[in-house]
$ cat work_27.csv   # CSV, C-alpha atoms
chain,number,residue,atom,x,y,z
A,934,SER,CA,13.3,131.8,55.1
A,935,VAL,CA,15.0,128.4,55.5
A,936,ASP,CA,12.8,125.3,55.6
A,937,ALA,CA,15.6,122.7,55.8
A,938,ALA,CA,19.1,122.6,57.0
A,939,PHE,CA,21.3,119.6,57.6
A,940,VAL,CA,24.9,118.9,58.8
A,941,THR,CA,26.9,115.9,57.6
A,942,LEU,CA,29.9,114.8,59.7
A,943,GLY,CA,32.6,112.7,58.1
A,944,GLU,CA,33.3,111.8,54.5
A,945,GLY,CA,32.2,108.2,54.8
A,946,ASP,CA,29.2,108.9,57.1
A,947,PRO,CA,26.1,110.2,55.1
A,948,THR,CA,24.1,110.6,58.3
A,949,GLU,CA,22.4,114.0,58.2
A,950,VAL,CA,21.9,115.7,61.6
A,951,PRO,CA,18.8,118.1,61.5
A,952,VAL,CA,19.4,121.6,62.7
A,953,THR,CA,16.7,122.2,65.3
A,954,ALA,CA,17.6,125.7,66.3
A,955,ARG,CA,15.9,128.6,64.7
A,956,ILE,CA,17.8,130.0,61.8
A,957,ALA,CA,18.2,133.3,63.5
A,958,ASP,CA,19.8,131.6,66.5
A,959,TRP,CA,21.9,129.4,64.2
A,960,LEU,CA,23.2,132.4,62.3
A,961,ALA,CA,23.9,134.2,65.5
A,962,GLN,CA,25.8,131.3,67.0
A,963,GLY,CA,27.7,130.8,63.8
A,964,ARG,CA,27.4,127.0,64.0
A,965,PRO,CA,24.6,124.4,64.4
A,966,GLU,CA,24.4,122.3,67.5
A,967,SER,CA,24.5,118.6,67.6
A,968,LYS,CA,24.7,116.1,70.5
A,969,GLY,CA,26.3,113.4,68.3
A,970,GLN,CA,29.6,111.8,69.5
A,971,ILE,CA,32.6,111.9,67.1
A,972,ALA,CA,35.9,110.1,67.4
A,973,PRO,CA,39.2,111.9,67.9
A,974,GLY,CA,40.9,112.7,64.7
A,975,PRO,CA,40.4,114.7,61.5
A,976,HIS,CA,36.8,115.3,60.3
A,977,ARG,CA,35.0,117.2,57.5
A,978,VAL,CA,31.8,119.2,58.0
A,979,ARG,CA,29.3,119.9,55.2
A,980,VAL,CA,26.4,122.2,55.9
A,981,TYR,CA,23.4,122.1,53.5
A,982,ALA,CA,20.5,124.6,53.5
A,983,GLN,CA,17.4,125.0,51.2
A,984,ASP,CA,14.7,127.7,51.2
A,985,ILE,CA,11.1,127.3,50.2
A,986,VAL,CA,11.8,127.9,46.6
A,987,GLU,CA,14.4,125.2,46.7
A,988,ASN,CA,17.4,127.5,46.5
A,989,VAL,CA,20.3,125.5,47.9
A,990,ALA,CA,23.5,126.6,49.7
A,991,THR,CA,26.3,124.4,51.0
A,992,ARG,CA,29.5,124.9,52.8
A,993,THR,CA,32.3,122.4,53.7
A,994,TRP,CA,35.3,122.7,56.0
A,995,GLU,CA,37.6,120.4,58.0
A,996,PHE,CA,38.5,120.3,61.7
A,997,HIS,CA,40.5,118.0,64.0
A,998,TYR,CA,38.9,116.7,67.2
A,999,ASP,CA,41.7,116.2,69.8
A,1000,ASP,CA,40.8,115.0,73.3
A,1001,ARG,CA,44.3,114.3,74.4
A,1002,PRO,CA,47.2,116.5,75.5
A,1003,PRO,CA,50.5,116.4,73.7
A,1004,GLU,CA,53.3,114.0,74.9
A,1005,ILE,CA,57.0,114.7,75.4
A,1006,ARG,CA,59.1,111.6,74.7
A,1007,ALA,CA,62.7,110.6,74.2
A,1008,VAL,CA,64.3,113.4,76.1
A,1009,TYR,CA,68.1,113.8,76.1
A,1010,PRO,CA,69.9,114.2,78.3
A,1011,SER,CA,67.7,111.7,80.1
A,1012,GLU,CA,67.3,111.3,83.8
A,1013,GLY,CA,70.7,110.4,85.3
A,1014,ALA,CA,72.5,110.8,81.9
A,1015,ILE,CA,76.2,111.9,81.9
A,1016,ALA,CA,77.3,114.4,79.3
A,1017,ALA,CA,81.0,114.6,78.4
A,1018,CYS,CA,80.8,118.2,77.0
A,1019,ALA,CA,79.9,121.5,78.6
A,1020,ARG,CA,77.3,122.3,75.9
A,1021,PRO,CA,75.2,119.2,75.5
A,1022,ALA,CA,72.5,119.3,72.9
A,1023,VAL,CA,69.0,118.9,74.3
A,1024,THR,CA,66.5,116.9,72.2
A,1025,ALA,CA,63.0,115.7,72.6
A,1026,THR,CA,60.1,114.3,70.5
A,1027,LEU,CA,56.8,116.1,70.8
A,1028,ILE,CA,53.6,114.2,69.7
A,1029,ASP,CA,50.1,115.5,69.4
A,1030,ASN,CA,47.1,114.7,67.1
A,1031,ALA,CA,46.2,118.3,66.6
A,1032,GLY,CA,49.8,119.5,66.1
A,1033,ILE,CA,52.3,121.3,68.3
A,1034,ASP,CA,52.2,125.0,68.9
A,1035,PRO,CA,55.9,126.0,68.2
A,1036,SER,CA,55.5,129.2,70.1
A,1037,SER,CA,54.7,127.4,73.3
A,1038,ILE,CA,57.9,125.2,73.4
A,1039,ASP,CA,59.8,126.0,76.6
A,1040,VAL,CA,63.2,124.4,77.3
A,1041,ARG,CA,65.0,125.3,80.5
A,1042,ILE,CA,68.3,124.3,82.1
A,1043,ASP,CA,68.6,125.1,85.8
A,1044,ASP,CA,65.3,127.1,85.4
A,1045,GLU,CA,66.9,129.4,82.8
A,1046,PRO,CA,65.0,129.3,79.5
A,1047,LEU,CA,66.9,128.7,76.2
A,1048,ALA,CA,66.4,131.7,73.9
A,1049,ARG,CA,64.2,131.3,70.8
A,1050,ASP,CA,67.2,131.2,68.5
A,1051,GLU,CA,68.8,128.4,70.6
A,1052,VAL,CA,65.8,126.1,70.0
A,1053,SER,CA,64.6,124.6,66.7
A,1054,PHE,CA,61.5,122.5,65.9
A,1055,ASP,CA,60.8,120.2,63.0
A,1056,GLU,CA,57.0,119.9,62.6
A,1057,ALA,CA,57.2,116.8,60.3
A,1058,SER,CA,59.1,114.7,62.8
A,1059,GLY,CA,58.1,116.5,66.0
A,1060,LEU,CA,61.8,116.8,67.0
A,1061,VAL,CA,62.8,119.8,69.1
A,1062,ALA,CA,66.5,120.5,69.6
A,1063,GLY,CA,68.2,123.1,71.8
A,1064,LEU,CA,71.8,124.1,72.2
A,1065,ARG,CA,72.8,126.6,74.9
A,1066,ARG,CA,75.5,129.0,73.9
A,1067,ARG,CA,77.1,129.3,77.4
A,1068,PRO,CA,78.9,126.2,78.7
A,1069,LEU,CA,77.7,124.4,81.8
A,1070,SER,CA,79.8,123.8,84.8
A,1071,SER,CA,80.8,120.2,85.8
A,1072,GLY,CA,78.2,118.7,88.1
A,1073,LYS,CA,74.4,118.1,88.3
A,1074,HIS,CA,71.9,120.2,86.2
A,1075,ARG,CA,68.1,120.3,86.0
A,1076,LEU,CA,66.3,120.1,82.6
A,1077,THR,CA,62.6,120.9,82.0
A,1078,VAL,CA,60.6,120.8,78.8
A,1079,ALA,CA,57.0,122.1,78.4
A,1080,VAL,CA,54.7,122.6,75.4
A,1081,ASN,CA,51.1,123.1,74.3
A,1082,ASP,CA,49.2,121.8,71.3
A,1083,ASN,CA,47.4,123.9,68.7
A,1084,CYS,CA,44.2,123.6,70.8
A,1085,GLY,CA,46.0,125.1,73.8
A,1086,LYS,CA,46.2,121.9,75.9
A,1087,PRO,CA,49.4,121.6,77.8
A,1088,ALA,CA,51.6,118.5,77.9
A,1089,ARG,CA,52.7,117.0,81.2
A,1090,PRO,CA,56.1,118.8,81.6
A,1091,TYR,CA,59.3,116.8,81.6
A,1092,GLU,CA,61.6,117.3,84.6
A,1093,GLY,CA,64.9,115.5,85.1
A,1094,THR,CA,68.5,115.9,86.1
A,1095,PHE,CA,71.8,115.1,84.3
A,1096,LEU,CA,75.5,115.4,84.9
A,1097,VAL,CA,78.2,117.3,83.0
A,1098,ASP,CA,81.7,115.8,83.3
A,1099,THR,CA,84.4,117.1,80.9
A,1100,GLU,CA,87.6,115.9,82.6
A,1101,GLY,CA,89.1,112.5,82.9
A,1102,PRO,CA,89.9,110.7,86.1
A,1103,ARG,CA,92.8,111.8,88.3
A,1104,VAL,CA,95.6,109.3,88.8
A,1105,ALA,CA,97.9,109.9,91.8
A,1106,ALA,CA,100.8,107.5,92.1
A,1107,SER,CA,101.7,106.3,95.6
A,1108,SER,CA,103.8,103.2,95.1
A,1109,PRO,CA,106.3,102.7,93.6
A,1110,ALA,CA,107.2,106.4,93.9
A,1111,PRO,CA,107.7,108.2,90.6
A,1112,ASP,CA,111.5,108.3,89.8
A,1113,GLY,CA,112.1,106.4,93.0
A,1114,TRP,CA,114.1,103.3,93.9
A,1115,VAL,CA,112.8,100.0,95.2
A,1116,ARG,CA,114.8,97.0,96.5
A,1117,GLU,CA,112.3,94.1,96.0
A,1118,GLY,CA,111.6,91.9,93.0
A,1119,GLU,CA,107.9,92.1,93.8
A,1120,VAL,CA,106.7,95.7,93.8
A,1121,ARG,CA,103.4,96.8,95.2
A,1122,LEU,CA,101.5,99.1,92.9
A,1123,THR,CA,99.2,101.5,94.7
A,1124,CYS,CA,97.6,104.7,93.3
A,1125,ALA,CA,94.5,106.8,93.9
A,1126,LEU,CA,92.0,106.8,91.0
A,1127,VAL,CA,89.3,109.4,91.4
A,1128,ASP,CA,86.7,111.0,89.1
A,1129,ILE,CA,84.2,113.7,90.0
A,1130,PRO,CA,81.3,113.8,89.3
A,1131,SER,CA,80.6,110.8,87.1
A,1132,GLY,CA,83.0,108.2,88.7
A,1133,VAL,CA,85.5,105.8,87.3
A,1134,GLU,CA,84.4,103.1,84.9
A,1135,PRO,CA,86.1,99.9,86.2
A,1136,SER,CA,86.0,98.3,82.8
A,1137,GLY,CA,87.9,101.2,81.4
A,1138,ILE,CA,91.1,100.7,83.5
A,1139,ALA,CA,94.3,99.4,81.9
A,1140,VAL,CA,97.7,99.0,83.5
A,1141,THR,CA,100.9,98.3,81.6
A,1142,LEU,CA,104.5,97.6,82.9
A,1143,ASP,CA,107.1,98.3,80.3
A,1144,GLY,CA,104.4,98.1,77.6
A,1145,VAL,CA,103.0,94.8,78.7
A,1146,ARG,CA,99.5,94.6,80.2
A,1147,VAL,CA,99.4,93.6,83.9
A,1148,GLU,CA,96.5,92.8,86.3
A,1149,ALA,CA,95.4,95.4,88.8
A,1150,ALA,CA,92.2,95.6,91.0
A,1151,TYR,CA,90.1,98.8,91.5
A,1152,ASP,CA,88.4,99.4,94.8
A,1153,ALA,CA,85.5,101.8,94.0
A,1154,THR,CA,84.8,102.5,97.7
A,1155,ALA,CA,88.4,103.4,98.5
A,1156,GLN,CA,89.0,104.8,95.0
A,1157,THR,CA,92.4,103.0,94.8
A,1158,LEU,CA,94.1,100.8,92.2
A,1159,SER,CA,96.4,98.1,93.5
A,1160,GLY,CA,98.4,95.2,92.1
A,1161,VAL,CA,101.7,93.2,92.4
A,1162,LEU,CA,104.4,93.7,89.8
A,1163,GLU,CA,107.2,91.2,89.1
A,1164,VAL,CA,110.4,93.2,88.2
A,1165,LYS,CA,114.1,92.8,87.7
A,1166,ASP,CA,116.9,95.2,88.5
A,1167,GLY,CA,117.0,98.3,86.3
A,1168,GLU,CA,114.5,100.9,85.1
A,1169,HIS,CA,110.9,100.3,84.5
A,1170,ARG,CA,107.8,102.3,83.4
A,1171,ILE,CA,104.2,102.0,84.6
A,1172,GLU,CA,101.3,103.5,82.6
A,1173,VAL,CA,97.7,103.7,84.0
A,1174,GLN,CA,94.9,104.5,81.7
A,1175,ALA,CA,91.4,105.2,83.1
A,1176,ARG,CA,88.0,106.1,81.7
A,1177,ASP,CA,85.1,107.7,83.5
A,1178,ARG,CA,81.4,107.1,83.0
A,1179,ALA,CA,81.2,110.1,80.7
A,1180,GLY,CA,83.8,108.6,78.4
A,1181,ASN,CA,86.7,110.9,79.3
A,1182,VAL,CA,90.1,109.2,79.3
A,1183,ALA,CA,93.2,110.0,81.3
A,1184,THR,CA,96.6,108.4,81.2
A,1185,ARG,CA,99.4,108.7,83.8
A,1186,GLY,CA,102.8,107.2,83.4
A,1187,TRP,CA,105.9,107.2,85.6
A,1188,ALA,CA,109.3,105.5,85.9
A,1189,PHE,CA,110.9,103.8,88.8
A,1190,ARG,CA,114.1,101.7,89.3
A,1191,VAL,CA,114.9,98.5,91.0
A,1192,ASP,CA,118.2,97.8,92.9
A,1193,ARG,CA,118.4,94.6,94.9
A,1194,GLN,CA,122.1,94.5,95.5
A,1195,ALA,CA,123.7,96.1,98.5
A,1196,PRO,CA,126.9,98.3,98.4
A,1197,ILE,CA,130.2,96.4,98.0
A,1198,PHE,CA,133.4,96.9,99.9
A,1199,PHE,CA,136.5,96.5,97.6
A,1200,ASP,CA,139.9,95.9,99.3
A,1201,LEU,CA,142.5,98.0,97.6
A,1202,GLY,CA,145.3,95.9,99.1
A,1203,ALA,CA,147.2,98.8,100.6
A,1204,LYS,CA,149.8,98.2,103.2
A,1205,GLY,CA,150.0,99.8,106.6
A,1206,ARG,CA,146.3,100.5,107.0
A,1207,VAL,CA,142.9,99.4,105.9
A,1208,THR,CA,142.0,100.9,102.5
A,1209,LEU,CA,138.6,100.2,101.0
A,1210,ARG,CA,136.5,101.5,98.1
A,1211,LEU,CA,132.8,101.6,98.8
A,1212,VAL,CA,130.8,101.0,95.6
A,1213,ASP,CA,127.2,100.6,94.7
A,1214,PHE,CA,126.5,99.7,91.1
A,1215,GLY,CA,122.7,100.4,91.3
A,1216,SER,CA,121.1,103.3,93.0
A,1217,GLY,CA,124.2,104.8,94.5
A,1218,MET,CA,125.5,105.3,98.0
A,1219,ALA,CA,123.5,107.1,100.6
A,1220,ALA,CA,126.4,108.9,102.2
A,1221,GLU,CA,124.4,109.9,105.3
A,1222,THR,CA,123.9,106.3,106.3
A,1223,LEU,CA,127.6,105.5,106.6
A,1224,ALA,CA,128.5,104.3,110.1
A,1225,VAL,CA,132.1,103.5,111.0
A,1226,THR,CA,133.2,102.2,114.4
A,1227,GLU,CA,136.3,100.7,115.9
A,1228,ALA,CA,138.5,102.0,113.1
A,1229,GLY,CA,140.7,104.3,115.1
A,1230,GLU,CA,141.4,107.3,112.9
A,1231,TRP,CA,139.6,107.1,109.5
A,1232,THR,CA,138.7,109.2,106.5
A,1233,TRP,CA,136.3,108.7,103.7
A,1234,ASP,CA,136.2,110.5,100.3
A,1235,PRO,CA,132.6,110.5,98.9
A,1236,SER,CA,133.9,111.5,95.4
A,1237,THR,CA,136.0,108.3,95.1
A,1238,GLY,CA,134.4,106.1,97.7
A,1239,VAL,CA,137.7,105.4,99.3
A,1240,LEU,CA,137.9,104.9,103.0
A,1241,PHE,CA,141.2,104.8,105.0
A,1242,ALA,CA,141.2,103.3,108.5
A,1243,ALA,CA,144.0,102.8,111.0
A,1244,LYS,CA,142.7,99.4,111.9
A,1245,SER,CA,140.0,96.9,110.8
A,1246,PRO,CA,136.7,98.8,111.3
A,1247,GLN,CA,133.1,97.8,111.6
A,1248,ILE,CA,131.2,99.6,108.7
A,1249,ALA,CA,127.6,99.7,107.8
A,1250,VAL,CA,126.1,101.6,104.8
A,1251,ALA,CA,123.0,101.7,102.7
A,1252,ASP,CA,122.3,102.6,99.1
A,1253,LEU,CA,119.5,104.9,97.9
A,1254,ALA,CA,117.2,101.9,97.4
A,1255,GLY,CA,117.6,100.9,101.1
A,1256,ASN,CA,119.9,97.9,100.7
A,1257,VAL,CA,122.2,97.7,103.7
A,1258,SER,CA,125.7,96.3,103.6
A,1259,LYS,CA,128.1,95.5,106.5
A,1260,PHE,CA,131.8,95.2,106.1
A,1261,VAL,CA,133.4,91.7,106.5
A,1262,SER,CA,137.2,91.8,106.5
A,1263,PRO,CA,139.0,91.8,104.3
A,1264,GLY,CA,136.4,92.8,101.6
A,1265,VAL,CA,136.2,91.9,98.0
A,1266,PRO,CA,139.5,92.0,96.1
A,1267,ILE,CA,139.7,95.0,93.8
A,1268,SER,CA,140.5,92.6,90.9
A,1269,GLU,CA,136.8,91.5,91.0
A,1270,TYR,CA,135.6,95.1,90.3
A,1271,ASP,CA,135.2,94.8,86.5
A,1272,LYS,CA,133.5,91.4,86.8
A,1273,MET,CA,131.0,92.6,89.3
A,1274,ARG,CA,130.5,95.9,87.5
A,1275,SER,CA,129.4,94.1,84.3
A,1276,GLY,CA,127.2,91.6,86.2
A,1277,GLY,CA,124.1,92.0,84.1
A,1278,ARG,CA,123.5,95.7,84.3
A,1279,PRO,CA,125.4,98.9,83.6
A,1280,PRO,CA,126.9,100.8,86.4
A,1281,ARG,CA,125.1,103.9,87.7
A,1282,VAL,CA,128.2,106.0,87.4
A,1283,GLU,CA,131.6,105.6,85.9
A,1284,PRO,CA,134.1,104.2,88.3
A,1285,PRO,CA,136.2,106.8,90.1
A,1286,PRO,CA,139.8,107.3,88.9
A,1287,PRO,CA,142.5,105.1,90.5
A,1288,VAL,CA,143.6,106.2,93.9
A,1289,LYS,CA,147.3,106.4,94.7
A,1290,VAL,CA,147.8,104.8,98.1
A,1291,GLN,CA,151.0,105.7,99.8
A,1292,GLU,CA,152.4,103.3,102.4
A,1293,ILE,CA,152.6,104.9,105.8
A,1294,PRO,CA,155.9,104.3,107.5
A,1295,PRO,CA,155.7,102.7,110.9
A,1296,THR,CA,155.5,105.1,113.8
A,1297,PRO,CA,159.0,105.5,115.5
A,1298,PRO,CA,159.2,104.4,119.1
A,1299,ALA,CA,158.9,107.2,121.7
A,1300,PRO,CA,162.3,108.4,123.1
A,1301,ALA,CA,163.5,107.0,126.4
A,1302,PRO,CA,163.0,109.3,129.4
A,1303,ALA,CA,166.1,111.4,130.4
A,1304,ALA,CA,168.1,110.1,133.4
A,1305,PRO,CA,168.0,112.3,136.5
A,1306,ALA,CA,170.9,114.7,137.2
A,1307,GLY,CA,173.8,113.1,139.1
A,1308,SER,CA,172.6,109.6,138.3
A,1309,GLU,CA,175.6,108.8,136.0
A,1310,GLY,CA,178.0,106.2,137.4
A,1311,GLY,CA,181.2,107.3,139.2
$ encode --input "work_27.csv" --output "structure tokens"
Amino acid sequence: SVDAAFVTLGEGDPTEVPVTARIADWLAQGRPESKGQIAPGPHRVRVYAQDIVENVATRTWEFHYDDRPPEIRAVYPSEGAIAACARPAVTATLIDNAGIDPSSIDVRIDDEPLARDEVSFDEASGLVAGLRRRPLSSGKHRLTVAVNDNCGKPARPYEGTFLVDTEGPRVAASSPAPDGWVREGEVRLTCALVDIPSGVEPSGIAVTLDGVRVEAAYDATAQTLSGVLEVKDGEHRIEVQARDRAGNVATRGWAFRVDRQAPIFFDLGAKGRVTLRLVDFGSGMAAETLAVTEAGEWTWDPSTGVLFAAKSPQIAVADLAGNVSKFVSPGVPISEYDKMRSGGRPPRVEPPPPVKVQEIPPTPPAPAPAAPAGSEGG
């Protein structure tokens, strides 16, 4: 029989709690009962028993008293986060006094659990990491994380949403038109700047003109980029670089040309009729805009630009940039051609070959009408 049994809780606490239950009940229950309160954390139990002849038996073991559920902290992607790749790594820190049950870790994306071999757990740091094999589509996704501790207590599950955006912004040029012509020294820059789903980062926009940084304003509501560019005649290049909130970068560049000079009417100095050469040193002649009136009979050769007219005409014509020129007699002497051609910019095309202009003999007078029969004198 047992005449004394005591339980000691804690290494530094020598207090002995008497076992009041009968030894048969105690053995049947497999543990003594005590109403003493203990603090959460690790503890050591020592059971001491002595019979009437003073035979002694002791047993010692350790346990961990945990009165709190585990915690899920530092989840990534966090709520509202933006991932720039289609397979973002999922990480979280799991904390619990009694330790985490690795078999209970449950990570899901869009309610689809990650497979066991897609999730790893480091017990020392509490870090859980998951990497899904299949890529995610661009857009919003739902992430959940759940876990139990070694005592079976569940953590409060984490639930959140994040975005996946793997493409840079789209840049659509409106003005000046790519490879187009303009006829102003101040050119209005306008282009659409759109990014779905994360949106354009305003601080990540840069605009250059011929390699030099220029100012431009972004309207996030209208999703447009605008500015005013100071330009000279000739070819220019614009480059727009934009970054979205996920860090994806896109660059779009295009060229345009400036022509602020209208077509020129050169007088070839031919005799007998008006002979002009229509020349545009910039964008080139828009043949469909040529309008000739009050010229009598006239012809125009688009390949040489030479126009013949029976009398001084009224002429209007535009170039491809939209500059309009009207003829004022007698025109610019052909001797000025080379000087005007080299006036600060190269010609768009080589000048046409010289045109041989033949003098047109004056029209002979009409013959006098024949006299009526029998009208001769006599």
$ residues_near_point --input "work_27.csv" --point "(48.5, 121.4, 76.0)" --cutoff "10 Å" --atoms "all atoms listed in the file" --output "PyMOL selection string"
chain A and resi 1001-1004+1029+1033-1034+1037+1079-1090
$ closest_residue --input "work_27.csv" --among "A:Ala1179, A:Ala1149, A:Leu1253, A:Val1040" --to "Gly1013 (chain A)" --atoms "all atoms listed in the file"
A:Ala1179
$ residues_around --input "work_27.csv" --residues "His997 (chain A)" --least-positions-apart "6" --cutoff "7 Å" --atoms "only C-alpha atoms" --output "list in words"
Gly974, Pro975, His976 and Ala1031 of chain A
$ atom_distance --input "work_27.csv" --atom1 "CA of Ser1071 (chain A)" --atom2 "CA of Thr1099 (chain A)"
6.8 Å
$ atom_distance --input "work_27.csv" --atom1 "CA of Asp1039 (chain A)" --atom2 "CA of Arg1065 (chain A)"
13.1 Å
$ atom_distance --input "work_27.csv" --atom1 "CA of Phe1189 (chain A)" --atom2 "CA of Ala1110 (chain A)"
6.8 Å
$ closest_residue --input "work_27.csv" --among "A:Pro1135, A:Pro1109, A:Gly1186, A:Pro1196" --to "Gly1217 (chain A)" --atoms "only C-alpha atoms"
A:Pro1196
$ residues_near_point --input "work_27.csv" --point "(81.9, 126.1, 82.0)" --cutoff "10 Å" --atoms "all atoms listed in the file" --output "PyMOL selection string"
chain A and resi 1018-1020+1067-1071+1097+1099
$ residues_around --input "work_27.csv" --residues "Asp1098 (chain A)" --least-positions-apart "6" --cutoff "10 Å" --atoms "all atoms listed in the file" --output "PyMOL selection string"
chain A and resi 1015-1019+1069-1073+1128-1132+1177-1181
$ residues_around --input "work_27.csv" --residues "Val1164 (chain A)" --least-positions-apart "6" --cutoff "8 Å" --atoms "all atoms listed in the file" --output "VMD selection string"
chain A and resid 1118 to 1120 1191
$ residues_around --input "work_27.csv" --residues "region 1137-1143 of chain A" --least-positions-apart "5" --cutoff "8 Å" --atoms "all atoms listed in the file" --output "list of chain:residue names"
A:Glu1148, A:Ala1149, A:Leu1162, A:His1169, A:Arg1170, A:Ile1171, A:Glu1172, A:Val1173, A:Gln1174, A:Ala1175, A:Arg1176, A:Asp1177
$ residues_around --input "work_27.csv" --residues "Leu1064 (chain A)" --least-positions-apart "3" --cutoff "9 Å" --atoms "all atoms listed in the file" --output "PyMOL selection string"
chain A and resi 1020-1024+1047+1051-1052
$ closest_residue --input "work_27.csv" --among "A:Trp1187, A:Trp1231, A:Tyr1091, A:Phe1054" --to "Ala1106 (chain A)" --atoms "all atoms listed in the file"
A:Trp1187
$ closest_residue --input "work_27.csv" --among "A:Pro973, A:Pro1035, A:Gly1264, A:Gly1093" --to "Leu1209 (chain A)" --atoms "only C-alpha atoms"
A:Gly1264
$ decode --input "work_27.csv" --residues "region 979-1036 of chain A" --atoms "C-alpha atoms" --output "PDB file, in the first residue's frame"
ATOM      1  CA  ARG A 979       7.955  15.030 -10.366  1.00  0.00           C
ATOM      2  CA  VAL A 980       5.857  12.352  -8.682  1.00  0.00           C
ATOM      3  CA  TYR A 981       7.109  10.886  -5.391  1.00  0.00           C
ATOM      4  CA  ALA A 982       5.518   7.866  -3.660  1.00  0.00           C
ATOM      5  CA  GLN A 983       6.502   5.943  -0.494  1.00  0.00           C
ATOM      6  CA  ASP A 984       5.047   2.762   1.006  1.00  0.00           C
ATOM      7  CA  ILE A 985       4.803   1.790   4.674  1.00  0.00           C
ATOM      8  CA  VAL A 986       8.213   0.211   4.672  1.00  0.00           C
ATOM      9  CA  GLU A 987       9.635   3.374   3.169  1.00  0.00           C
ATOM     10  CA  ASN A 988      10.195   2.077  -0.318  1.00  0.00           C
ATOM     11  CA  VAL A 989      10.343   5.113  -2.561  1.00  0.00           C
ATOM     12  CA  ALA A 990       9.415   5.561  -6.211  1.00  0.00           C
ATOM     13  CA  THR A 991       9.764   8.742  -8.292  1.00  0.00           C
ATOM     14  CA  ARG A 992       8.978   9.748 -11.843  1.00  0.00           C
ATOM     15  CA  THR A 993       9.717  13.005 -13.626  1.00  0.00           C
ATOM     16  CA  TRP A 994       8.451  14.383 -16.969  1.00  0.00           C
ATOM     17  CA  GLU A 995       7.955  17.699 -18.712  1.00  0.00           C
ATOM     18  CA  PHE A 996       4.964  19.290 -20.341  1.00  0.00           C
ATOM     19  CA  HIS A 997       4.014  22.631 -21.879  1.00  0.00           C
ATOM     20  CA  TYR A 998       0.921  24.457 -20.741  1.00  0.00           C
ATOM     21  CA  ASP A 999      -0.470  26.528 -23.634  1.00  0.00           C
ATOM     22  CA  ASP A1000      -3.604  28.603 -23.153  1.00  0.00           C
ATOM     23  CA  ARG A1001      -3.358  30.583 -26.416  1.00  0.00           C
ATOM     24  CA  PRO A1002      -3.992  29.650 -30.049  1.00  0.00           C
ATOM     25  CA  PRO A1003      -1.238  30.041 -32.643  1.00  0.00           C
ATOM     26  CA  GLU A1004      -0.777  33.307 -34.552  1.00  0.00           C
ATOM     27  CA  ILE A1005      -0.274  33.911 -38.273  1.00  0.00           C
ATOM     28  CA  ARG A1006       1.882  36.963 -38.945  1.00  0.00           C
ATOM     29  CA  ALA A1007       3.760  38.727 -41.773  1.00  0.00           C
ATOM     30  CA  VAL A1008       1.785  37.177 -44.603  1.00  0.00           C
ATOM     31  CA  TYR A1009       2.935  37.889 -48.170  1.00  0.00           C
ATOM     32  CA  PRO A1010       1.390  38.768 -50.544  1.00  0.00           C
ATOM     33  CA  SER A1011      -0.315  40.987 -47.994  1.00  0.00           C
ATOM     34  CA  GLU A1012      -3.747  42.524 -48.393  1.00  0.00           C
ATOM     35  CA  GLY A1013      -3.771  44.712 -51.526  1.00  0.00           C
ATOM     36  CA  ALA A1014      -0.208  43.759 -52.508  1.00  0.00           C
ATOM     37  CA  ILE A1015       0.760  43.674 -56.191  1.00  0.00           C
ATOM     38  CA  ALA A1016       2.884  40.821 -57.523  1.00  0.00           C
ATOM     39  CA  ALA A1017       4.820  41.341 -60.746  1.00  0.00           C
ATOM     40  CA  CYS A1018       5.139  37.610 -61.493  1.00  0.00           C
ATOM     41  CA  ALA A1019       2.581  34.912 -62.222  1.00  0.00           C
ATOM     42  CA  ARG A1020       3.995  32.563 -59.545  1.00  0.00           C
ATOM     43  CA  PRO A1021       4.466  34.712 -56.436  1.00  0.00           C
ATOM     44  CA  ALA A1022       5.964  33.007 -53.374  1.00  0.00           C
ATOM     45  CA  VAL A1023       3.566  32.866 -50.420  1.00  0.00           C
ATOM     46  CA  THR A1024       5.213  33.321 -46.998  1.00  0.00           C
ATOM     47  CA  ALA A1025       3.991  33.668 -43.412  1.00  0.00           C
ATOM     48  CA  THR A1026       5.384  33.401 -39.892  1.00  0.00           C
ATOM     49  CA  LEU A1027       3.581  30.959 -37.547  1.00  0.00           C
ATOM     50  CA  ILE A1028       3.981  31.541 -33.793  1.00  0.00           C
ATOM     51  CA  ASP A1029       2.853  29.320 -30.906  1.00  0.00           C
ATOM     52  CA  ASN A1030       4.177  28.464 -27.447  1.00  0.00           C
ATOM     53  CA  ALA A1031       3.418  24.763 -27.757  1.00  0.00           C
ATOM     54  CA  GLY A1032       4.730  24.519 -31.299  1.00  0.00           C
ATOM     55  CA  ILE A1033       3.101  24.282 -34.712  1.00  0.00           C
ATOM     56  CA  ASP A1034       1.644  21.087 -36.079  1.00  0.00           C
ATOM     57  CA  PRO A1035       3.212  20.976 -39.593  1.00  0.00           C
ATOM     58  CA  SER A1036       0.573  18.557 -40.877  1.00  0.00           C
TER      59      SER A1036
END
